[in-house]
Structure formats: C-alpha cells, structure tokens
file model_14.cif (mmCIF, C-alpha atoms)
data_query
#
loop_
_atom_site.label_atom_id
_atom_site.label_comp_id
_atom_site.auth_asym_id
_atom_site.auth_seq_id
_atom_site.Cartn_x
_atom_site.Cartn_y
_atom_site.Cartn_z
CA MET V 20 41.00 -52.29 8.75
CA SER V 21 37.34 -53.28 8.66
CA ILE V 22 36.16 -56.87 8.49
CA PRO V 23 32.58 -56.94 7.22
CA LEU V 24 30.15 -59.71 8.10
CA SER V 25 29.01 -60.17 4.53
CA LEU V 26 26.23 -62.34 3.12
CA SER V 27 26.71 -61.10 -0.42
CA GLY V 28 25.34 -63.56 -2.98
CA LYS V 29 23.35 -65.51 -0.38
CA VAL V 30 19.59 -66.06 -0.27
CA ALA V 31 17.89 -66.38 3.12
CA LEU V 32 14.45 -67.45 4.31
CA ILE V 33 13.54 -65.90 7.66
CA THR V 34 10.24 -66.94 9.23
CA GLY V 35 8.29 -64.61 11.49
CA GLY V 36 10.10 -61.69 9.91
CA SER V 37 7.64 -58.83 10.15
CA ARG V 38 8.27 -57.86 13.78
CA GLY V 39 10.65 -58.14 16.69
CA ILE V 40 13.68 -60.40 16.35
CA GLY V 41 12.63 -61.46 12.86
CA ALA V 42 12.38 -57.91 11.52
CA ALA V 43 15.74 -56.99 13.05
CA THR V 44 17.26 -60.04 11.36
CA VAL V 45 15.72 -59.14 8.00
CA ARG V 46 17.16 -55.63 8.22
CA LEU V 47 20.61 -56.87 9.21
CA PHE V 48 20.74 -59.59 6.56
CA THR V 49 19.77 -57.24 3.74
CA ALA V 50 22.30 -54.69 5.00
CA ALA V 51 24.92 -57.47 4.83
CA GLY V 52 24.10 -58.06 1.16
CA ALA V 53 21.73 -61.04 1.31
CA LYS V 54 18.54 -61.42 -0.65
CA VAL V 55 15.81 -62.19 1.87
CA VAL V 56 12.38 -63.78 1.78
CA PHE V 57 10.57 -63.43 5.09
CA THR V 58 7.23 -64.76 6.23
CA TYR V 59 4.49 -63.02 8.11
CA HIS V 60 1.07 -64.13 9.27
CA LYS V 61 -1.20 -61.19 10.11
CA ALA V 62 1.04 -58.12 10.06
CA ARG V 63 0.75 -57.40 6.34
CA SER V 64 1.21 -53.63 6.53
CA GLN V 65 4.30 -54.00 8.70
CA ALA V 66 5.71 -56.65 6.38
CA GLU V 67 5.20 -54.53 3.30
CA ALA V 68 6.75 -51.49 4.99
CA LEU V 69 9.77 -53.55 6.06
CA ALA V 70 10.31 -54.89 2.53
CA LYS V 71 10.07 -51.40 1.09
CA ASN V 72 12.52 -50.07 3.66
CA CYS V 73 15.02 -52.84 2.95
CA GLY V 74 14.64 -52.61 -0.84
CA GLU V 75 12.01 -54.66 -2.62
CA SER V 76 14.48 -55.94 -5.22
CA ASN V 77 16.33 -57.77 -2.43
CA CYS V 78 13.61 -58.33 0.18
CA ARG V 79 10.23 -59.98 -0.30
CA PRO V 80 7.45 -60.67 2.22
CA LEU V 81 5.58 -63.95 2.02
CA ALA V 82 2.23 -64.53 3.73
CA ALA V 83 2.21 -67.85 5.58
CA ASN V 84 0.46 -69.60 8.43
CA LEU V 85 3.09 -71.97 9.76
CA THR V 86 1.07 -74.33 11.91
CA SER V 87 2.24 -77.75 10.70
CA ALA V 88 4.98 -79.58 8.84
CA ASP V 89 2.81 -79.61 5.72
CA SER V 90 2.37 -75.84 5.77
CA ALA V 91 6.14 -75.40 5.57
CA GLN V 92 6.61 -77.09 2.20
CA SER V 93 4.84 -74.40 0.19
CA VAL V 94 6.81 -71.70 2.03
CA VAL V 95 10.18 -73.24 1.14
CA THR V 96 9.10 -73.84 -2.46
CA ALA V 97 7.89 -70.26 -2.86
CA ALA V 98 10.98 -68.77 -1.20
CA ALA V 99 13.37 -70.75 -3.41
CA LYS V 100 11.44 -69.73 -6.51
CA ILE V 101 11.60 -65.99 -5.75
CA PHE V 102 15.39 -65.69 -5.85
CA GLY V 103 16.31 -69.03 -7.44
CA ARG V 104 17.89 -70.79 -4.46
CA LEU V 105 18.15 -70.98 -0.67
CA ASP V 106 21.40 -70.71 1.25
CA ILE V 107 20.14 -69.83 4.72
CA LEU V 108 17.14 -70.73 6.86
CA VAL V 109 16.40 -68.80 10.05
CA ALA V 110 13.43 -70.43 11.78
CA ASN V 111 12.30 -67.58 14.00
CA HIS V 112 8.50 -67.79 14.06
CA GLY V 113 6.77 -69.05 17.16
CA VAL V 114 4.23 -68.48 19.91
CA TRP V 115 4.55 -68.01 23.65
CA PRO V 116 1.16 -68.27 25.38
CA ALA V 117 1.50 -65.44 27.87
CA GLU V 118 -0.88 -66.70 30.57
CA ASP V 119 0.60 -68.86 33.32
CA VAL V 120 -1.10 -72.26 33.15
CA ALA V 121 -0.44 -75.08 35.62
CA ILE V 122 0.13 -78.45 33.97
CA GLU V 123 -3.07 -79.94 35.40
CA ARG V 124 -5.10 -77.13 33.85
CA MET V 125 -3.34 -76.83 30.51
CA PRO V 126 -5.81 -77.57 27.70
CA ASP V 127 -4.78 -80.26 25.27
CA GLU V 128 -5.51 -77.77 22.49
CA GLN V 129 -2.89 -75.33 23.83
CA TRP V 130 -0.28 -78.06 24.04
CA ARG V 131 -0.96 -79.23 20.48
CA SER V 132 -1.07 -75.70 19.09
CA THR V 133 2.21 -74.59 20.66
CA LEU V 134 4.09 -77.68 19.50
CA SER V 135 2.53 -77.56 16.03
CA ILE V 136 3.72 -73.99 15.46
CA ASN V 137 7.02 -74.03 17.37
CA LEU V 138 8.19 -77.54 16.49
CA ASP V 139 6.22 -79.29 13.73
CA ALA V 140 6.43 -76.34 11.35
CA VAL V 141 10.17 -76.01 12.02
CA PHE V 142 10.63 -79.70 11.21
CA GLY V 143 8.88 -79.12 7.88
CA LEU V 144 10.96 -76.03 7.13
CA VAL V 145 14.22 -77.85 7.84
CA LYS V 146 13.17 -80.94 5.90
CA HIS V 147 12.33 -79.09 2.71
CA THR V 148 15.12 -76.52 3.03
CA VAL V 149 17.75 -79.26 3.35
CA ALA V 150 16.36 -80.93 0.23
CA GLN V 151 16.63 -77.63 -1.61
CA MET V 152 20.17 -76.97 -0.36
CA LYS V 153 21.34 -80.43 -1.43
CA SER V 154 19.83 -80.03 -4.90
CA GLN V 155 21.54 -76.76 -5.82
CA PRO V 156 25.17 -75.91 -6.63
CA ARG V 157 27.28 -74.41 -3.87
CA THR V 158 28.27 -70.77 -4.04
CA GLY V 159 30.91 -70.98 -1.32
CA ALA V 160 32.52 -73.20 1.30
CA ALA V 161 29.17 -74.04 2.90
CA ALA V 162 26.21 -75.67 1.20
CA GLY V 163 23.92 -73.94 3.65
CA HIS V 164 23.32 -72.52 7.10
CA ILE V 165 20.34 -73.26 9.34
CA VAL V 166 19.72 -71.29 12.53
CA LEU V 167 16.84 -72.27 14.80
CA ILE V 168 15.70 -69.66 17.32
CA SER V 169 15.31 -71.50 20.60
CA SER V 170 15.13 -69.96 24.07
CA THR V 171 16.59 -69.91 27.53
CA SER V 172 13.30 -71.56 28.48
CA GLY V 173 14.26 -74.57 26.38
CA GLN V 174 17.35 -75.13 28.52
CA ARG V 175 16.29 -74.46 32.08
CA GLY V 176 12.51 -74.76 31.73
CA GLU V 177 9.83 -72.26 32.62
CA ALA V 178 7.20 -72.89 35.29
CA PHE V 179 3.61 -72.75 34.02
CA HIS V 180 4.81 -72.76 30.38
CA CYS V 181 5.73 -76.40 29.87
CA ASP V 182 4.38 -76.36 26.30
CA TYR V 183 6.72 -73.56 25.27
CA SER V 184 9.73 -75.01 27.12
CA ALA V 185 9.14 -78.43 25.57
CA SER V 186 8.98 -77.00 22.06
CA LYS V 187 12.13 -74.90 22.45
CA GLY V 188 14.02 -77.70 24.17
CA ALA V 189 13.14 -79.97 21.25
CA LEU V 190 14.67 -77.47 18.83
CA ILE V 191 17.94 -77.69 20.75
CA SER V 192 17.89 -81.49 20.43
CA MET V 193 17.15 -81.12 16.72
CA VAL V 194 20.23 -78.92 16.32
CA LYS V 195 22.43 -81.48 18.07
CA GLY V 196 21.27 -84.32 15.85
CA LEU V 197 21.06 -82.43 12.58
CA SER V 198 24.49 -80.85 12.97
CA THR V 199 26.18 -84.25 12.85
CA GLU V 200 23.80 -85.63 10.22
CA LEU V 201 24.35 -82.75 7.81
CA ALA V 202 28.01 -81.90 8.40
CA SER V 203 29.22 -84.10 5.55
CA ALA V 204 26.83 -82.27 3.22
CA GLY V 205 28.33 -78.91 4.18
CA ILE V 206 25.19 -77.71 5.94
CA TYR V 207 25.78 -75.99 9.28
CA VAL V 208 23.06 -76.17 11.92
CA ASN V 209 23.07 -73.98 15.02
CA SER V 210 20.67 -72.34 17.45
CA VAL V 211 20.47 -68.91 19.00
CA ALA V 212 18.78 -69.01 22.39
CA PRO V 213 17.49 -65.60 23.51
CA GLY V 214 16.32 -64.79 26.99
CA TRP V 215 13.86 -61.96 27.60
CA VAL V 216 13.76 -59.57 24.65
CA ASP V 217 11.71 -56.41 24.24
CA THR V 218 9.23 -57.55 21.58
CA ASP V 219 5.48 -57.47 21.10
CA MET V 220 5.25 -61.08 22.32
CA SER V 221 6.82 -60.34 25.70
CA ARG V 222 5.83 -56.73 26.23
CA ALA V 223 2.81 -57.40 28.45
CA ALA V 224 4.93 -59.38 30.89
CA LEU V 225 7.75 -56.84 30.78
CA ASP V 226 5.44 -53.86 31.31
CA ASP V 227 3.64 -55.43 34.27
CA PRO V 228 5.22 -53.91 37.42
CA LYS V 229 5.39 -57.20 39.31
CA SER V 230 6.45 -59.60 36.57
CA GLY V 231 8.69 -57.02 34.91
CA GLU V 232 10.67 -56.51 38.10
CA GLU V 233 10.98 -60.25 38.65
CA ILE V 234 12.18 -60.79 35.09
CA ARG V 235 14.85 -58.11 35.26
CA ARG V 236 16.06 -59.46 38.59
CA THR V 237 16.93 -62.78 36.91
CA ILE V 238 19.19 -61.13 34.29
CA PRO V 239 22.74 -60.48 35.56
CA ILE V 240 23.32 -57.73 33.01
CA GLY V 241 20.34 -55.89 34.50
CA ARG V 242 18.09 -55.37 31.49
CA VAL V 243 16.19 -57.21 28.76
CA GLY V 244 17.62 -57.60 25.29
CA LYS V 245 16.90 -55.67 22.12
CA PRO V 246 15.91 -57.48 18.90
CA GLU V 247 19.08 -56.24 17.19
CA GLU V 248 21.16 -57.92 19.88
CA ILE V 249 19.71 -61.28 18.84
CA ALA V 250 19.95 -60.61 15.11
CA GLY V 251 23.69 -59.95 15.30
CA PRO V 252 24.66 -63.44 16.51
CA VAL V 253 22.27 -64.98 13.96
CA LEU V 254 24.08 -63.09 11.21
CA PHE V 255 27.50 -64.15 12.50
CA LEU V 256 26.54 -67.84 12.43
CA CYS V 257 25.71 -67.54 8.72
CA THR V 258 28.98 -65.92 7.64
CA GLU V 259 32.38 -67.27 6.59
CA TYR V 260 33.66 -66.53 10.09
CA ALA V 261 31.50 -69.31 11.57
CA THR V 262 32.48 -72.18 9.28
CA PHE V 263 33.93 -74.24 12.14
CA ILE V 264 30.80 -73.90 14.27
CA THR V 265 27.96 -76.38 14.08
CA GLY V 266 25.69 -77.97 16.68
CA GLU V 267 26.11 -74.94 18.93
CA ILE V 268 23.55 -73.31 21.23
CA PHE V 269 24.48 -69.63 21.20
CA ASN V 270 23.09 -68.12 24.41
CA VAL V 271 22.16 -64.46 24.02
CA ASN V 272 20.42 -63.60 27.28
CA GLY V 273 22.51 -61.25 29.40
CA GLY V 274 23.78 -64.17 31.45
CA ALA V 275 20.27 -65.24 32.53
CA VAL V 276 20.76 -68.90 31.70
CA LEU V 277 23.54 -69.03 34.32
CA THR V 278 21.16 -68.11 37.14
CA GLY V 279 18.38 -70.59 36.39
#

call {"tool": "encode", "arguments": {"input": "model_14.cif", "output": "structure tokens"}}
result
Amino acid sequence: MSIPLSLSGKVALITGGSRGIGAATVRLFTAAGAKVVFTYHKARSQAEALAKNCGESNCRPLAANLTSADSAQSVVTAAAKIFGRLDILVANHGVWPAEDVAIERMPDEQWRSTLSINLDAVFGLVKHTVAQMKSQPRTGAAAGHIVLISSTSGQRGEAFHCDYSASKGALISMVKGLSTELASAGIYVNSVAPGWVDTDMSRAALDDPKSGEEIRRTIPIGRVGKPEEIAGPVLFLCTEYATFITGEIFNVNGGAVLTG
C-alpha cells in the first residue's frame, strides 16, 4: 500500500526557486501534482531550464528582486494571476553574507540589506499571500499553507553573522505569532530550519579545508544536508498529513541544533 504525499489541485509560490533548496522544492512539488510559480533573480537560464524540466504547463518562472515588503506585492499578484489562485507559499529566498564580520565592523548597509531581503520581503509575501488566500474559495480542509525557511542560525545564533541570525530568528517569531493569528482562517504557518546544506550559497565555506572540517564536526550525523532533504519536509508540511501541525519549527540539520 502506497500513501502518496499529493499536492494535486494546489497552486504554490516558491521564492528563490532557481537553485539549491528552492529548485529541489520546485521539482518535488510539481512531481506531487502542484502547479508552481517560482521566483528567481539573476539565474534566468537555470530558471527556464528548471521550468522546462518540470513541465511548463505546470511550472512557471517569475523574475523578481525581493528586497523589500513593497517588492513582494507584485510577485504575489503575478503568481496568483498565472494559475488563478494561491494555496501555498514557501518563502525560501534569502542571503547569507559569507564573510565573517565582527559586530563593531559590520556596515550599516549590510545589516539593512540582509534584513530587507530575509525579513522585510518575507513580511510582504506573507501579508499579500494571506489576503489572497482569504479572498478565494477553499479547495480542501485548509485555506492555505505557509512555510518560511529559517535556519539553525536563527535558533542558536552564529558568531560574526548577527545580521543573518537576527533575520532568521525573526522568521521563527513570525511563525509563532502568525500560526495562532491565522488558525481560525484555516491557514497553517510553519517553518523548516535547515542547518548546513550543500548549495551555491554555502559551497565556499564547505569547500574550504579549515571551515569545512569545523562545520562537519558540529553535525552529529557527520555530513551536510542535500537540498532534497530539506524539500521533503517542506512538502510534508503542505499536505493533508500535516493538518494538525501549525506554529512548528521543523529542524532539518542532522542534529546540529542539539550541539549548539
């Protein structure tokens, strides 16, 4: 007996979908039967190739520069227009400034930029997606699912990356508040918190002999994650099997958060 994790009939918006965790989530969601709109910023060729691979009738790339709450409104409007509704939001886009910067040397511009992309734009996405979800008829038990991609860093902090930790920790607080606020509307809000994952964003740190060894030493399972290992829990949280889960921080980090 097989029990499929199906998203048939659902429409999802996945931000930062052209590479890494986002691309793995796009592939998994379309394979599960969802129609997907995903955003990309600069990786146009990769985005177009991904959409073609997943089936352009069910998967559409959308160019976007998510750097503020205002920039999110047009993304949500465009995504809802493409397939007629929105049932799922996966806020996956974000930046992690790779260079270690002590707090007394961190430029104000870096702080503002990181929080604008990682937090302000997510606020805008959630705000306008919730409005869309509340305005449309339900197609199932849930009116909508929202999954914010946070981080282990948002729970235990990360030395010399206080901007990133602050932004990801704020997402966790958003999930806690929004889950109770939106429960009566049938909108489920959760977070998936990855640790170190083998993506373009983290590859320089992982490939460096010194930092790579230190990183792997902090992970009890002994290795970094794969994008597909993050996409799977995201998918689960948007299915009928997760309709009694809201306000949860789903740690997917090989046990690393336990050693911080």

call {"tool": "resolve_selection", "arguments": {"input": "model_14.cif", "expression": "the PyMOL selection byres ((chain V and resi 211) around 7)", "output": "list in words"}}
result
Val166, Leu167, Ile168, Ser169, Asn209, Ser210, Ala212, Pro213, Val253, Ile268, Phe269, Asn270 and Val271 of chain V

call {"tool": "closest_residue", "arguments": {"input": "model_14.cif", "among": "V:Ala51, V:Val114, V:Val109, V:Val94", "to": "Ser135 in chain V", "atoms": "all atoms listed in the file"}}
result
V:Val114

call {"tool": "atom_distance", "arguments": {"input": "model_14.cif", "atom1": "CA of Leu197 in chain V", "atom2": "CA of Thr262 in chain V"}}
result
15.7 Å

call {"tool": "atom_distance", "arguments": {"input": "model_14.cif", "atom1": "CA of Ala150 in chain V", "atom2": "CA of Ile101 in chain V"}}
result
16.8 Å

call {"tool": "closest_atom_pairs", "arguments": {"input": "model_14.cif", "of": "range 67-124 of chain V", "to": "range 223-242 of chain V", "cutoff": "12 Å", "atoms": "all atoms listed in the file", "output": "CSV"}}
result
residue,atom,partner,partner_atom,distance
V:Trp115,CA,V:Ala224,CA,11.3
V:Pro116,CA,V:Ala224,CA,11.1
V:Ala117,CA,V:Ala224,CA,7.6
V:Glu118,CA,V:Ala224,CA,9.4
V:Asp119,CA,V:Ala224,CA,10.7

call {"tool": "atom_distance", "arguments": {"input": "model_14.cif", "atom1": "CA of Ala83 in chain V", "atom2": "CA of Lys146 in chain V"}}
result
17.1 Å

call {"tool": "resolve_selection", "arguments": {"input": "model_14.cif", "expression": "the PyMOL selection byres ((chain V and resi 104) around 12)", "output": "JSON, numbers by chain"}}
result
{"V": [28, 29, 30, 31, 32, 53, 54, 55, 56, 95, 96, 97, 98, 99, 100, 101, 102, 103, 105, 106, 107, 108, 148, 149, 150, 151, 152, 153, 154, 155, 156, 157, 158, 162, 163]}

call {"tool": "closest_residue", "arguments": {"input": "model_14.cif", "among": "V:Leu81, V:Ile264, V:Ile22, V:Leu256", "to": "Phe48 in chain V", "atoms": "all atoms listed in the file"}}
result
V:Leu256

call {"tool": "closest_residue", "arguments": {"input": "model_14.cif", "among": "V:Thr58, V:Asn111, V:Asn137, V:Thr44", "to": "Thr86 in chain V", "atoms": "all atoms listed in the file"}}
result
V:Asn137

call {"tool": "resolve_selection", "arguments": {"input": "model_14.cif", "expression": "the PyMOL selection byres ((chain V and resi 142) around 9)", "output": "ChimeraX atom specification"}}
result
/V:87-88,91,138-141,143-147,190,193

call {"tool": "axis_aligned_box", "arguments": {"input": "model_14.cif", "around": "range 99-115 of chain V", "padding_each_side": "4 Å", "output": "JSON"}}
result
{"center_x": 12.8, "center_y": -68.3, "center_z": 8.1, "size_x": 25.2, "size_y": 13.3, "size_z": 39.1}

call {"tool": "closest_residue", "arguments": {"input": "model_14.cif", "among": "V:Cys181, V:Val216, V:Ala82, V:Val208", "to": "Val243 in chain V", "atoms": "only C-alpha atoms"}}
result
V:Val216

call {"tool": "residues_near_point", "arguments": {"input": "model_14.cif", "point": "(28.1, -77.8, 13.9)", "cutoff": "9 Å", "atoms": "only C-alpha atoms", "output": "list in words"}}
result
Val194, Lys195, Leu197, Ser198, Thr199, Leu201, Ala202, Ile206, Tyr207, Val208, Asn209, Thr262, Phe263, Ile264, Thr265, Gly266 and Glu267 of chain V

call {"tool": "write_last_selection", "arguments": {"input": "model_14.cif", "atoms": "C-alpha atoms", "output": "mmCIF file, keeping the file's coordinate frame"}}
result
data_model
loop_
_atom_site.group_PDB
_atom_site.id
_atom_site.type_symbol
_atom_site.label_atom_id
_atom_site.label_comp_id
_atom_site.auth_asym_id
_atom_site.auth_seq_id
_atom_site.Cartn_x
_atom_site.Cartn_y
_atom_site.Cartn_z
ATOM 1 C CA VAL V 194 20.230 -78.920 16.320
ATOM 2 C CA LYS V 195 22.430 -81.480 18.070
ATOM 3 C CA LEU V 197 21.060 -82.430 12.580
ATOM 4 C CA SER V 198 24.490 -80.850 12.970
ATOM 5 C CA THR V 199 26.180 -84.250 12.850
ATOM 6 C CA LEU V 201 24.350 -82.750 7.810
ATOM 7 C CA ALA V 202 28.010 -81.900 8.400
ATOM 8 C CA ILE V 206 25.190 -77.710 5.940
ATOM 9 C CA TYR V 207 25.780 -75.990 9.280
ATOM 10 C CA VAL V 208 23.060 -76.170 11.920
ATOM 11 C CA ASN V 209 23.070 -73.980 15.020
ATOM 12 C CA THR V 262 32.480 -72.180 9.280
ATOM 13 C CA PHE V 263 33.930 -74.240 12.140
ATOM 14 C CA ILE V 264 30.800 -73.900 14.270
ATOM 15 C CA THR V 265 27.960 -76.380 14.080
ATOM 16 C CA GLY V 266 25.690 -77.970 16.680
ATOM 17 C CA GLU V 267 26.110 -74.940 18.930
#

call {"tool": "residues_around", "arguments": {"input": "model_14.cif", "residues": "Ser64 in chain V", "least_positions_apart": "5", "cutoff": "12 Å", "atoms": "only C-alpha atoms", "output": "CSV table (one decimal) with C-alpha atoms, keeping the file's coordinate frame"}}
result
chain,number,residue,atom,x,y,z
V,37,SER,CA,7.6,-58.8,10.2
V,38,ARG,CA,8.3,-57.9,13.8
V,59,TYR,CA,4.5,-63.0,8.1
V,69,LEU,CA,9.8,-53.6,6.1
V,70,ALA,CA,10.3,-54.9,2.5
V,71,LYS,CA,10.1,-51.4,1.1
V,80,PRO,CA,7.4,-60.7,2.2
V,82,ALA,CA,2.2,-64.5,3.7

call {"tool": "residues_near_point", "arguments": {"input": "model_14.cif", "point": "(9.2, -71.3, 31.5)", "cutoff": "12 Å", "atoms": "all atoms listed in the file", "output": "number ranges by chain"}}
result
V: 115-122, 170-188, 214-215, 234, 276, 279

call {"tool": "residues_around", "arguments": {"input": "model_14.cif", "residues": "Ala261 in chain V", "least_positions_apart": "6", "cutoff": "10 Å", "atoms": "only C-alpha atoms", "output": "ChimeraX atom specification"}}
result
/V:164,207,254-255

call {"tool": "write_last_selection", "arguments": {"input": "model_14.cif", "atoms": "C-alpha atoms", "output": "short mmCIF file (atom, residue, chain, number, x, y, z; two decimals), in the frame of the given file"}}
result
data_model
loop_
_atom_site.label_atom_id
_atom_site.label_comp_id
_atom_site.auth_asym_id
_atom_site.auth_seq_id
_atom_site.Cartn_x
_atom_site.Cartn_y
_atom_site.Cartn_z
CA HIS V 164 23.32 -72.52 7.10
CA TYR V 207 25.78 -75.99 9.28
CA LEU V 254 24.08 -63.09 11.21
CA PHE V 255 27.50 -64.15 12.50
#

call {"tool": "closest_residue", "arguments": {"input": "model_14.cif", "among": "V:Ser25, V:Ile191, V:Cys73, V:Cys257", "to": "Ala43 in chain V", "atoms": "only C-alpha atoms"}}
result
V:Cys73

call {"tool": "build_atoms", "arguments": {"input": "model_14.cif", "residues": "range 208-238 of chain V", "atoms": "N, CA and C atoms", "output": "JSON list (two decimals), in the frame of the given file"}}
result
[["chain", "number", "residue", "atom", "x", "y", "z"],
["V", 208, "VAL", "N", 24.30, -76.31, 11.17],
["V", 208, "VAL", "CA", 23.06, -76.17, 11.92],
["V", 208, "VAL", "C", 23.37, -75.71, 13.33],
["V", 209, "ASN", "N", 22.85, -74.55, 13.70],
["V", 209, "ASN", "CA", 23.07, -73.98, 15.02],
["V", 209, "ASN", "C", 21.78, -73.39, 15.57],
["V", 210, "SER", "N", 21.82, -72.99, 16.82],
["V", 210, "SER", "CA", 20.67, -72.34, 17.45],
["V", 210, "SER", "C", 21.13, -71.09, 18.17],
["V", 211, "VAL", "N", 20.31, -70.07, 18.13],
["V", 211, "VAL", "CA", 20.47, -68.91, 19.00],
["V", 211, "VAL", "C", 19.35, -68.97, 20.03],
["V", 212, "ALA", "N", 19.73, -68.87, 21.29],
["V", 212, "ALA", "CA", 18.78, -69.01, 22.39],
["V", 212, "ALA", "C", 18.66, -67.69, 23.14],
["V", 213, "PRO", "N", 17.68, -66.86, 22.79],
["V", 213, "PRO", "CA", 17.49, -65.60, 23.51],
["V", 213, "PRO", "C", 16.88, -65.84, 24.88],
["V", 214, "GLY", "N", 17.08, -64.86, 25.75],
["V", 214, "GLY", "CA", 16.32, -64.79, 26.99],
["V", 214, "GLY", "C", 15.18, -63.81, 26.77],
["V", 215, "TRP", "N", 14.92, -62.95, 27.75],
["V", 215, "TRP", "CA", 13.86, -61.96, 27.60],
["V", 215, "TRP", "C", 14.32, -60.84, 26.65],
["V", 216, "VAL", "N", 13.48, -60.59, 25.65],
["V", 216, "VAL", "CA", 13.76, -59.57, 24.65],
["V", 216, "VAL", "C", 12.55, -58.66, 24.54],
["V", 217, "ASP", "N", 12.79, -57.39, 24.35],
["V", 217, "ASP", "CA", 11.71, -56.41, 24.24],
["V", 217, "ASP", "C", 11.03, -56.51, 22.88],
["V", 218, "THR", "N", 10.01, -57.36, 22.80],
["V", 218, "THR", "CA", 9.23, -57.55, 21.58],
["V", 218, "THR", "C", 7.75, -57.50, 21.91],
["V", 219, "ASP", "N", 6.93, -57.48, 20.88],
["V", 219, "ASP", "CA", 5.48, -57.47, 21.10],
["V", 219, "ASP", "C", 5.04, -58.69, 21.91],
["V", 220, "MET", "N", 5.66, -59.84, 21.67],
["V", 220, "MET", "CA", 5.25, -61.08, 22.32],
["V", 220, "MET", "C", 5.46, -61.02, 23.83],
["V", 221, "SER", "N", 6.50, -60.34, 24.27],
["V", 221, "SER", "CA", 6.82, -60.34, 25.70],
["V", 221, "SER", "C", 6.47, -59.03, 26.40],
["V", 222, "ARG", "N", 5.97, -58.06, 25.65],
["V", 222, "ARG", "CA", 5.83, -56.73, 26.23],
["V", 222, "ARG", "C", 4.86, -56.68, 27.42],
["V", 223, "ALA", "N", 3.77, -57.43, 27.34],
["V", 223, "ALA", "CA", 2.81, -57.40, 28.45],
["V", 223, "ALA", "C", 3.46, -57.84, 29.75],
["V", 224, "ALA", "N", 4.25, -58.90, 29.69],
["V", 224, "ALA", "CA", 4.93, -59.38, 30.89],
["V", 224, "ALA", "C", 5.99, -58.40, 31.36],
["V", 225, "LEU", "N", 6.69, -57.78, 30.42],
["V", 225, "LEU", "CA", 7.75, -56.84, 30.78],
["V", 225, "LEU", "C", 7.20, -55.55, 31.36],
["V", 226, "ASP", "N", 6.03, -55.12, 30.86],
["V", 226, "ASP", "CA", 5.44, -53.86, 31.31],
["V", 226, "ASP", "C", 4.69, -54.00, 32.64],
["V", 227, "ASP", "N", 4.32, -55.22, 33.00],
["V", 227, "ASP", "CA", 3.64, -55.43, 34.27],
["V", 227, "ASP", "C", 4.63, -55.15, 35.41],
["V", 228, "PRO", "N", 4.27, -54.28, 36.36],
["V", 228, "PRO", "CA", 5.22, -53.91, 37.42],
["V", 228, "PRO", "C", 5.79, -55.10, 38.19],
["V", 229, "LYS", "N", 4.93, -56.07, 38.52],
["V", 229, "LYS", "CA", 5.39, -57.20, 39.31],
["V", 229, "LYS", "C", 6.26, -58.15, 38.49],
["V", 230, "SER", "N", 5.71, -58.63, 37.36],
["V", 230, "SER", "CA", 6.45, -59.60, 36.57],
["V", 230, "SER", "C", 7.68, -58.97, 35.93],
["V", 231, "GLY", "N", 7.55, -57.70, 35.52],
["V", 231, "GLY", "CA", 8.69, -57.02, 34.91],
["V", 231, "GLY", "C", 9.87, -56.92, 35.85],
["V", 232, "GLU", "N", 9.60, -56.60, 37.11],
["V", 232, "GLU", "CA", 10.67, -56.51, 38.10],
["V", 232, "GLU", "C", 11.30, -57.87, 38.35],
["V", 233, "GLU", "N", 10.46, -58.91, 38.42],
["V", 233, "GLU", "CA", 10.98, -60.25, 38.65],
["V", 233, "GLU", "C", 11.85, -60.71, 37.48],
["V", 234, "ILE", "N", 11.42, -60.40, 36.27],
["V", 234, "ILE", "CA", 12.18, -60.79, 35.09],
["V", 234, "ILE", "C", 13.55, -60.13, 35.09],
["V", 235, "ARG", "N", 13.58, -58.84, 35.31],
["V", 235, "ARG", "CA", 14.85, -58.11, 35.26],
["V", 235, "ARG", "C", 15.80, -58.55, 36.37],
["V", 236, "ARG", "N", 15.23, -59.01, 37.47],
["V", 236, "ARG", "CA", 16.06, -59.46, 38.59],
["V", 236, "ARG", "C", 16.81, -60.75, 38.24],
["V", 237, "THR", "N", 16.29, -61.52, 37.29],
["V", 237, "THR", "CA", 16.93, -62.78, 36.91],
["V", 237, "THR", "C", 18.03, -62.60, 35.86],
["V", 238, "ILE", "N", 18.23, -61.37, 35.37],
["V", 238, "ILE", "CA", 19.19, -61.13, 34.29],
["V", 238, "ILE", "C", 20.42, -60.42, 34.88]]
